[in-house]
>>> print(open('start_20.tsv').read())   # TSV, C-alpha atoms (C1' of nucleotides)
chain	number	residue	atom	x	y	z
A	287	MET	CA	75.24	104.92	82.62
A	288	ALA	CA	71.92	106.58	82.62
A	289	THR	CA	72.65	109.59	80.51
A	290	ASP	CA	75.42	111.01	78.41
A	291	ARG	CA	73.64	114.18	79.38
A	292	ARG	CA	74.89	117.57	80.39
A	293	GLY	CA	75.22	118.47	76.74
A	294	PRO	CA	75.71	122.03	75.64
A	295	TYR	CA	72.69	124.03	76.63
A	296	ILE	CA	70.69	126.60	74.79
A	297	CYS	CA	69.56	128.52	77.85
A	298	GLY	CA	69.31	128.35	81.61
A	299	ILE	CA	65.93	126.65	81.62
A	300	ASP	CA	67.39	124.00	79.38
A	301	ALA	CA	70.17	123.37	81.89
A	302	ALA	CA	67.88	123.38	84.90
A	303	LEU	CA	65.35	121.03	83.35
A	304	ASP	CA	68.15	118.65	82.43
A	305	VAL	CA	69.12	118.39	86.06
A	306	VAL	CA	65.58	118.08	87.37
A	307	SER	CA	64.11	115.71	84.81
A	308	GLY	CA	63.81	112.18	86.04
A	309	LYS	CA	60.68	110.62	87.41
A	310	TRP	CA	61.52	111.11	91.10
A	311	LYS	CA	64.00	113.96	91.26
A	312	GLY	CA	61.50	116.62	92.18
A	313	LEU	CA	60.21	114.43	94.98
A	314	ILE	CA	63.68	113.62	96.26
A	315	LEU	CA	64.45	117.32	96.38
A	316	TRP	CA	61.25	117.91	98.29
A	317	GLU	CA	61.89	115.10	100.77
A	318	LEU	CA	65.35	116.38	101.48
A	319	GLU	CA	64.09	119.92	101.85
A	320	GLU	CA	61.55	118.79	104.42
A	321	HIS	CA	63.76	116.49	106.44
A	322	GLU	CA	67.25	117.96	106.01
A	323	ILE	CA	68.86	114.55	106.35
A	324	ARG	CA	67.49	111.26	105.13
A	325	ARG	CA	68.80	107.74	104.91
A	326	PHE	CA	68.33	105.60	101.81
A	327	ALA	CA	65.53	103.50	103.25
A	328	GLU	CA	63.76	106.57	104.62
A	329	LEU	CA	63.76	108.13	101.17
A	330	ARG	CA	62.49	104.90	99.71
A	331	ARG	CA	59.60	104.86	102.14
A	332	GLY	CA	58.97	108.54	101.47
A	333	LEU	CA	58.62	108.03	97.72
A	334	PRO	CA	55.99	105.33	97.44
A	335	GLY	CA	56.45	103.35	94.24
A	336	VAL	CA	60.09	104.12	93.59
A	337	SER	CA	62.33	101.17	92.81
A	338	GLU	CA	65.66	100.83	94.57
A	339	LYS	CA	67.42	100.94	91.24
A	340	MET	CA	65.90	104.28	90.28
A	341	LEU	CA	66.47	105.74	93.71
A	342	THR	CA	70.18	104.98	93.69
A	343	GLN	CA	70.49	106.04	90.08
A	344	HIS	CA	68.79	109.36	90.67
A	345	LEU	CA	70.72	109.99	93.87
A	346	ARG	CA	74.02	109.30	92.13
A	347	GLU	CA	73.16	111.66	89.31
A	348	MET	CA	72.09	114.36	91.73
A	349	GLU	CA	75.30	113.88	93.65
A	350	ALA	CA	77.29	114.21	90.43
A	351	ASP	CA	75.28	117.34	89.65
A	352	GLY	CA	76.18	118.81	93.01
A	353	LEU	CA	72.65	118.85	94.37
A	354	VAL	CA	72.98	116.34	97.19
A	355	VAL	CA	75.73	115.10	99.47
A	356	ARG	CA	76.13	111.45	100.23
A	357	THR	CA	77.74	110.58	103.55
A	358	VAL	CA	78.72	106.99	104.21
A	359	TYR	CA	79.34	105.83	107.74
A	360	ALA	CA	81.63	102.83	107.95
A	361	GLU	CA	79.30	100.94	110.22
A	362	VAL	CA	77.71	97.57	110.17
A	363	PRO	CA	74.79	97.60	109.34
A	364	PRO	CA	75.61	100.20	106.68
A	365	ARG	CA	74.43	103.75	107.13
A	366	VAL	CA	74.28	106.32	104.35
A	367	GLU	CA	72.84	109.77	104.76
A	368	TYR	CA	71.72	112.17	102.07
A	369	SER	CA	71.21	115.90	102.33
A	370	LEU	CA	71.00	118.91	100.05
A	371	THR	CA	73.94	121.04	99.08
A	372	GLU	CA	73.72	124.79	98.93
A	373	HIS	CA	72.99	124.49	95.22
A	374	GLY	CA	70.32	121.91	95.85
A	375	ARG	CA	68.61	124.25	98.26
A	376	ALA	CA	68.87	127.09	95.76
A	377	LEU	CA	67.30	124.87	93.13
A	378	ASN	CA	64.42	124.15	95.45
A	379	GLN	CA	63.92	127.87	95.92
A	380	ALA	CA	63.89	128.30	92.18
A	381	LEU	CA	61.36	125.51	91.83
A	382	ALA	CA	58.92	127.07	94.27
A	383	PRO	CA	57.14	129.35	91.76
A	384	LEU	CA	56.85	126.43	89.38
A	385	GLY	CA	55.30	124.37	92.14
A	386	ASP	CA	52.80	127.11	92.80
A	387	TRP	CA	51.92	127.28	89.13
A	388	GLY	CA	51.45	123.52	89.09
A	389	SER	CA	49.22	123.55	92.16
A	390	GLU	CA	47.18	126.32	90.64
A	391	ARG	CA	46.84	124.29	87.49
A	392	ILE	CA	45.74	121.21	89.41
A	393	ARG	CA	43.18	123.29	91.23
A	394	ARG	CA	42.02	124.89	87.99
A	395	GLU	CA	41.38	121.65	86.20
A	396	GLY	CA	40.27	119.60	89.15
A	397	ARG	CA	42.99	117.09	88.52
A	398	GLU	CA	43.42	114.28	90.93
A	399	LEU	CA	46.19	114.35	93.40
A	400	ILE	CA	47.61	110.99	94.18
A	401	ASP	CA	45.90	109.41	97.14
A	402	HIS	CA	48.49	107.62	99.19
A	403	ALA	CA	46.27	107.06	102.17
A	404	ASP	CA	49.03	105.52	104.20
A	405	ALA	CA	52.02	107.30	102.74
A	406	ALA	CA	50.31	110.66	103.09
A	407	ALA	CA	53.28	111.98	105.00
A	408	MET	CA	53.66	114.31	102.07
A	409	PRO	CA	51.76	117.63	102.36
A	410	ARG	CA	52.03	120.10	99.55
A	411	PRO	CA	53.85	122.03	97.50
B	940	MET	CA	49.47	108.69	71.02
B	941	ALA	CA	52.27	110.60	72.49
B	942	THR	CA	51.38	110.35	76.14
B	943	ASP	CA	48.77	108.84	78.36
B	944	ARG	CA	50.07	111.60	80.59
B	945	ARG	CA	48.37	113.96	82.96
B	946	GLY	CA	48.19	111.21	85.55
B	947	PRO	CA	47.37	111.95	89.12
B	948	TYR	CA	50.06	114.16	90.55
B	949	ILE	CA	51.89	114.08	93.82
B	950	CYS	CA	52.50	117.80	94.02
B	951	GLY	CA	52.54	121.00	92.01
B	952	ILE	CA	56.09	120.57	90.79
B	953	ASP	CA	55.13	117.16	89.52
B	954	ALA	CA	52.27	118.68	87.55
B	955	ALA	CA	54.34	121.55	86.21
B	956	LEU	CA	57.22	119.35	85.12
B	957	ASP	CA	54.80	117.07	83.33
B	958	VAL	CA	53.62	119.94	81.21
B	959	VAL	CA	57.09	121.32	80.54
B	960	SER	CA	58.97	118.12	79.89
B	961	GLY	CA	59.65	117.42	76.27
B	962	LYS	CA	62.82	118.19	74.46
B	963	TRP	CA	61.71	121.48	72.96
B	964	LYS	CA	58.91	122.77	75.14
B	965	GLY	CA	61.02	125.16	77.14
B	966	LEU	CA	62.39	126.63	73.94
B	967	ILE	CA	58.96	126.93	72.35
B	968	LEU	CA	57.75	128.80	75.42
B	969	TRP	CA	60.73	131.07	75.22
B	970	GLU	CA	60.31	131.74	71.49
B	971	LEU	CA	56.66	132.59	71.96
B	972	GLU	CA	57.46	134.81	74.91
B	973	GLU	CA	59.96	136.72	72.83
B	974	HIS	CA	57.93	137.09	69.66
B	975	GLU	CA	54.32	137.05	70.90
B	976	ILE	CA	53.10	135.49	67.67
B	977	ARG	CA	54.93	132.98	65.54
B	978	ARG	CA	54.06	130.90	62.54
B	979	PHE	CA	54.95	127.23	62.30
B	980	ALA	CA	57.90	127.73	59.99
B	981	GLU	CA	59.20	130.62	62.08
B	982	LEU	CA	59.23	128.42	65.16
B	983	ARG	CA	60.97	125.70	63.22
B	984	ARG	CA	63.70	128.11	62.18
B	985	GLY	CA	63.90	129.42	65.73
B	986	LEU	CA	64.53	125.97	67.20
B	987	PRO	CA	67.49	124.69	65.22
B	988	GLY	CA	67.45	120.92	65.06
B	989	VAL	CA	63.80	120.34	65.81
B	990	SER	CA	61.97	117.95	63.51
B	991	GLU	CA	58.62	118.91	62.06
B	992	LYS	CA	57.08	115.90	63.74
B	993	MET	CA	58.22	116.92	67.21
B	994	LEU	CA	57.28	120.53	66.66
B	995	THR	CA	53.68	119.71	65.76
B	996	GLN	CA	53.49	117.10	68.49
B	997	HIS	CA	54.73	119.45	71.17
B	998	LEU	CA	52.57	122.29	69.94
B	999	ARG	CA	49.47	120.09	70.00
B	1000	GLU	CA	50.20	118.94	73.52
B	1001	MET	CA	50.80	122.47	74.68
B	1002	GLU	CA	47.57	123.52	73.06
B	1003	ALA	CA	45.75	120.69	74.86
B	1004	ASP	CA	47.42	121.81	78.07
B	1005	GLY	CA	46.15	125.32	77.58
B	1006	LEU	CA	49.57	126.90	77.17
B	1007	VAL	CA	49.36	128.05	73.56
B	1008	VAL	CA	46.65	129.09	71.14
B	1009	ARG	CA	46.63	127.89	67.58
B	1010	THR	CA	44.96	130.11	65.05
B	1011	VAL	CA	44.37	128.82	61.56
B	1012	TYR	CA	43.68	131.20	58.71
B	1013	ALA	CA	41.76	129.63	55.86
B	1014	GLU	CA	44.14	130.92	53.27
B	1015	VAL	CA	46.14	129.39	50.52
B	1016	PRO	CA	49.08	129.01	51.19
B	1017	PRO	CA	48.11	127.92	54.69
B	1018	ARG	CA	48.84	130.19	57.62
B	1019	VAL	CA	48.85	129.09	61.23
B	1020	GLU	CA	49.84	131.31	64.11
B	1021	TYR	CA	50.83	130.32	67.60
B	1022	SER	CA	50.86	132.45	70.72
B	1023	LEU	CA	50.84	132.02	74.47
B	1024	THR	CA	47.72	131.91	76.57
B	1025	GLU	CA	47.49	133.66	79.91
B	1026	HIS	CA	48.49	130.40	81.56
B	1027	GLY	CA	51.41	129.95	79.23
B	1028	ARG	CA	52.66	133.40	80.15
B	1029	ALA	CA	52.21	132.63	83.84
B	1030	LEU	CA	54.20	129.43	83.36
B	1031	ASN	CA	56.98	131.42	81.78
B	1032	GLN	CA	56.99	133.75	84.78
B	1033	ALA	CA	57.23	130.72	87.05
B	1034	LEU	CA	60.09	129.33	84.99
B	1035	ALA	CA	62.15	132.50	85.25
B	1036	PRO	CA	63.81	131.69	88.61
B	1037	LEU	CA	64.60	128.22	87.33
B	1038	GLY	CA	66.18	129.76	84.27
B	1039	ASP	CA	68.28	132.00	86.47
B	1040	TRP	CA	69.40	129.02	88.53
B	1041	GLY	CA	70.31	127.19	85.34
B	1042	SER	CA	72.28	130.11	83.96
B	1043	GLU	CA	74.09	130.42	87.25
B	1044	ARG	CA	74.91	126.74	87.09
B	1045	ILE	CA	76.21	126.99	83.55
B	1046	ARG	CA	78.39	129.89	84.59
B	1047	ARG	CA	79.60	128.03	87.68
B	1048	GLU	CA	80.72	124.97	85.82
B	1049	GLY	CA	81.88	126.64	82.67
B	1050	ARG	CA	79.49	124.60	80.60
B	1051	GLU	CA	79.15	125.38	76.97
B	1052	LEU	CA	76.23	127.45	75.95
B	1053	ILE	CA	75.07	127.20	72.40
B	1054	ASP	CA	74.57	130.60	70.92
B	1055	HIS	CA	71.07	130.77	69.62
B	1056	ALA	CA	71.93	132.84	66.60
B	1057	ASP	CA	74.91	130.67	65.73
B	1058	ALA	CA	72.85	127.58	66.15
B	1059	ALA	CA	70.18	128.99	63.88
B	1060	ALA	CA	72.81	129.58	61.25
B	1061	MET	CA	74.11	126.05	61.50
B	1062	PRO	CA	73.35	123.59	58.72
B	1063	ARG	CA	71.16	120.59	59.30
B	1064	PRO	CA	73.19	117.63	60.60
C	1392	DT	C1'	67.23	78.84	112.43
C	1393	DG	C1'	64.75	81.87	109.96
C	1394	DG	C1'	63.02	86.33	108.77
C	1395	DG	C1'	63.85	91.03	108.19
C	1396	DG	C1'	66.59	95.27	107.82
C	1397	DT	C1'	70.77	97.87	105.83
C	1398	DA	C1'	72.24	99.72	101.00
C	1399	DC	C1'	72.99	98.59	97.18
C	1400	DT	C1'	74.22	96.02	92.10
C	1401	DT	C1'	73.08	93.41	88.06
C	1402	DA	C1'	70.56	91.35	84.28
C	1403	DC	C1'	66.70	91.52	81.61
C	1404	DC	C1'	62.71	93.50	79.42
C	1405	DT	C1'	59.22	96.85	77.98
C	1406	DC	C1'	57.35	101.22	76.80
C	1407	DT	C1'	58.19	105.93	75.59
C	1408	DT	C1'	60.76	109.58	73.33
C	1409	DG	C1'	62.42	111.37	69.60
C	1410	DG	C1'	64.72	111.07	64.93
C	1411	DT	C1'	64.46	110.09	59.67
C	1412	DA	C1'	62.30	110.14	55.65
C	1413	DA	C1'	58.72	110.25	52.71
C	1414	DG	C1'	54.15	111.80	51.22
C	1415	DT	C1'	50.16	115.43	50.86
C	1416	DG	C1'	47.84	119.41	48.31
C	1417	DC	C1'	48.25	123.78	46.92
C	1418	DC	C1'	50.53	127.90	45.08
C	1419	DA	C1'	54.23	131.47	43.47
C	1420	DG	C1'	58.52	132.38	41.08
C	1421	DG	C1'	62.23	131.53	37.66
D	754	DC	C1'	57.98	122.74	34.17
D	755	DC	C1'	60.35	122.29	38.12
D	756	DT	C1'	61.62	123.80	42.46
D	757	DG	C1'	60.59	125.42	46.83
D	758	DG	C1'	57.71	127.01	50.60
D	759	DC	C1'	53.58	126.27	53.51
D	760	DA	C1'	51.89	123.11	57.49
D	761	DC	C1'	51.43	119.18	58.27
D	762	DT	C1'	50.89	113.48	58.58
D	763	DT	C1'	52.50	108.80	58.52
D	764	DA	C1'	55.48	104.77	58.91
D	765	DC	C1'	59.42	102.96	60.60
D	766	DC	C1'	63.36	102.66	63.83
D	767	DA	C1'	66.97	103.42	67.60
D	768	DA	C1'	68.09	104.83	72.09
D	769	DG	C1'	67.02	105.42	76.60
D	770	DA	C1'	64.14	105.69	80.74
D	771	DG	C1'	62.31	103.06	84.00
D	772	DG	C1'	60.25	98.55	85.99
D	773	DT	C1'	61.00	93.66	87.96
D	774	DA	C1'	63.44	90.46	90.22
D	775	DA	C1'	67.24	88.40	91.96
D	776	DG	C1'	71.73	88.47	94.26
D	777	DT	C1'	75.30	90.41	97.75
D	778	DA	C1'	77.19	90.65	102.53
D	779	DC	C1'	76.50	91.47	106.97
D	780	DC	C1'	73.77	91.89	111.31
D	781	DC	C1'	69.89	91.82	114.92
D	782	DC	C1'	65.90	89.74	116.99
D	783	DA	C1'	62.73	85.97	118.14
>>> encode(input="start_20.tsv", output="structure tokens")
Amino acid sequence: MATDRRGPYICGIDAALDVVSGKWKGLILWELEEHEIRRFAELRRGLPGVSEKMLTQHLREMEADGLVVRTVYAEVPPRVEYSLTEHGRALNQALAPLGDWGSERIRREGRELIDHADAAAMPRP
Amino acid sequence: MATDRRGPYICGIDAALDVVSGKWKGLILWELEEHEIRRFAELRRGLPGVSEKMLTQHLREMEADGLVVRTVYAEVPPRVEYSLTEHGRALNQALAPLGDWGSERIRREGRELIDHADAAAMPRP
DNA sequence: TGGGGTACTTACCTCTTGGTAAGTGCCAGG
DNA sequence: CCTGGCACTTACCAAGAGGTAAGTACCCCA
């Protein structure tokens, strides 16, 4: 198991950060916000550099946290679709100001943004 | 060194989470928001369970990230005061909705919430 | 027949995060 | 004189996050 996690929290930010921390979780949230419904391989292609292990691990944790729904279709070849729950969408809303702050900070310091020339199917936040 | 960090970012949330992630950073922000100015030992008492090492480390990183100001008074006994910068305060503003979401989540799932005052009164484990 | 796509799981390994404990130099109070 | 507070630093260590690579089981297309 990845984390014993979900310990007693000191405040709301504590709890929210616990759920969002993980190298790719913010991006997964963003992908699912943009596309509503995504299959595993689509997410993988949307997050350049992610390993399959981490993708499944993060998705399972986010499912357990009630952020995403996982729908399995009993087909061959297998088909699994992911989408946001109501709470996942609310979390994205709550993350928006933080995203703005981050963009502002990037602009302020002239930080690089990653340059996926090919995988540039990823506009802002 | 703590972190090579501050890599190229994929989006604003990425950048913001990078700056905020660290076991105690959210709490430090919150303490400094509440009290405006805090000395090292006051922060330590305010964050029950933090080690001196992590406190200094986090504070130095947050200083480097332009979130807090560190003011040293050339006195004996030493006095060092920490406070938020404009950007630190803006970050706190941006974190507010996330904090609300987290509180809502705690309420929803009946998670335990450590009482700050109780925790401060707890002995060192 | 062979390569690639589907959605994973598993084992192994490394690097980072954070904790523990001790040391530093100075001073005030009992 | 000895303890404790101030604000740290340093060395060492354990746990965990995340990467790599391979395996699984089935199918479609050339």
>>> atom_distance(input="start_20.tsv", atom1="atom C1' of DC755 of chain D", atom2="atom C1' of DC1418 of chain C")
13.3 Å
>>> closest_residue(input="start_20.tsv", among="B:Val989, B:Val1008, B:Ala980, B:Ala1003", to="chain C", atoms="only C-alpha atoms (C1' of nucleotides)")
B:Val989
>>> calpha_fit_rmsd(input="start_20.tsv", fixed="chain B", moving="chain A")
3.8 Å
>>> residues_around(input="start_20.tsv", residues="DA770 of chain D", least_positions_apart="2", cutoff="10 Å", atoms="all atoms listed in the file", output="list in words")
Ala288, Thr289, Gly308, Lys309 and Met340 of chain A; DC1406, DT1407 and DT1408 of chain C; DA768 and DG772 of chain D
>>> residues_near_point(input="start_20.tsv", point="(62.0, 93.9, 83.0)", cutoff="6 Å", atoms="all atoms listed in the file", output="MDAnalysis selection string")
(chainID C and resid 1403:1404) or (chainID D and resid 772:773)
>>> interface_residues(input="start_20.tsv", of="chain B", to="chain A", cutoff="8 Å", atoms="all atoms listed in the file", output="MDAnalysis selection string")
chainID B and resid 946:956 960 965:966 1029:1030 1033:1045 1050:1055
>>> interface_residues(input="start_20.tsv", of="chain D", to="chain B", cutoff="8 Å", atoms="all atoms listed in the file", output="VMD selection string")
chain D and resid 759 to 761
>>> residues_near_point(input="start_20.tsv", point="(70.6, 90.6, 91.4)", cutoff="10 Å", atoms="all atoms listed in the file", output="number ranges by chain")
C: 1400-1402; D: 774-777
>>> closest_residue(input="start_20.tsv", among="A:Ile323, A:Leu341, A:Leu370, A:Leu315", to="chain C", atoms="only C-alpha atoms (C1' of nucleotides)")
A:Leu341
>>> interface_residues(input="start_20.tsv", of="chain C", to="chain A", cutoff="9 Å", atoms="all atoms listed in the file", output="PyMOL selection string")
chain C and resi 1396-1400
>>> write_last_selection(input="start_20.tsv", atoms="C-alpha atoms (C1' of nucleotides)", output="PDB file, in the frame of the given file")
ATOM      1  C1'  DG C1396      66.590  95.270 107.820  1.00  0.00           C
ATOM      2  C1'  DT C1397      70.770  97.870 105.830  1.00  0.00           C
ATOM      3  C1'  DA C1398      72.240  99.720 101.000  1.00  0.00           C
ATOM      4  C1'  DC C1399      72.990  98.590  97.180  1.00  0.00           C
ATOM      5  C1'  DT C1400      74.220  96.020  92.100  1.00  0.00           C
TER       6       DT C1400
END
>>> atom_distance(input="start_20.tsv", atom1="atom CA of Arg330 of chain A", atom2="atom CA of Leu353 of chain A")
18.1 Å
>>> decode(input="start_20.tsv", residues="segment 754-782 of chain D", atoms="C-alpha atoms (C1' of nucleotides)", output="mmCIF file, in the first residue's frame")
data_model
loop_
_atom_site.group_PDB
_atom_site.id
_atom_site.type_symbol
_atom_site.label_atom_id
_atom_site.label_comp_id
_atom_site.auth_asym_id
_atom_site.auth_seq_id
_atom_site.Cartn_x
_atom_site.Cartn_y
_atom_site.Cartn_z
ATOM 1 C "C1'" DC D 754 27.272 25.912 39.338
ATOM 2 C "C1'" DC D 755 23.882 23.933 36.884
ATOM 3 C "C1'" DT D 756 19.888 24.168 34.282
ATOM 4 C "C1'" DG D 757 17.268 25.960 30.715
ATOM 5 C "C1'" DG D 758 16.172 28.946 26.859
ATOM 6 C "C1'" DC D 759 17.611 30.982 22.400
ATOM 7 C "C1'" DA D 760 18.281 29.579 17.276
ATOM 8 C "C1'" DC D 761 20.326 26.868 15.110
ATOM 9 C "C1'" DT D 762 23.661 22.871 12.701
ATOM 10 C "C1'" DT D 763 25.267 18.267 11.869
ATOM 11 C "C1'" DA D 764 25.409 13.259 11.451
ATOM 12 C "C1'" DC D 765 23.004 9.286 11.105
ATOM 13 C "C1'" DC D 766 18.936 6.431 9.965
ATOM 14 C "C1'" DA D 767 14.195 4.575 8.589
ATOM 15 C "C1'" DA D 768 10.266 4.817 5.769
ATOM 16 C "C1'" DG D 769 8.179 5.852 1.722
ATOM 17 C "C1'" DA D 770 7.598 7.820 -2.891
ATOM 18 C "C1'" DG D 771 8.451 6.930 -7.293
ATOM 19 C "C1'" DG D 772 11.170 4.782 -11.356
ATOM 20 C "C1'" DT D 773 12.342 0.521 -14.335
ATOM 21 C "C1'" DA D 774 11.349 -3.548 -16.267
ATOM 22 C "C1'" DA D 775 9.156 -7.621 -16.806
ATOM 23 C "C1'" DG D 776 5.030 -10.529 -16.800
ATOM 24 C "C1'" DT D 777 -0.193 -11.448 -17.558
ATOM 25 C "C1'" DA D 778 -4.108 -12.606 -20.689
ATOM 26 C "C1'" DC D 779 -6.535 -11.638 -24.443
ATOM 27 C "C1'" DC D 780 -7.392 -9.659 -29.114
ATOM 28 C "C1'" DC D 781 -6.854 -7.284 -33.814
ATOM 29 C "C1'" DC D 782 -4.307 -6.332 -37.950
#
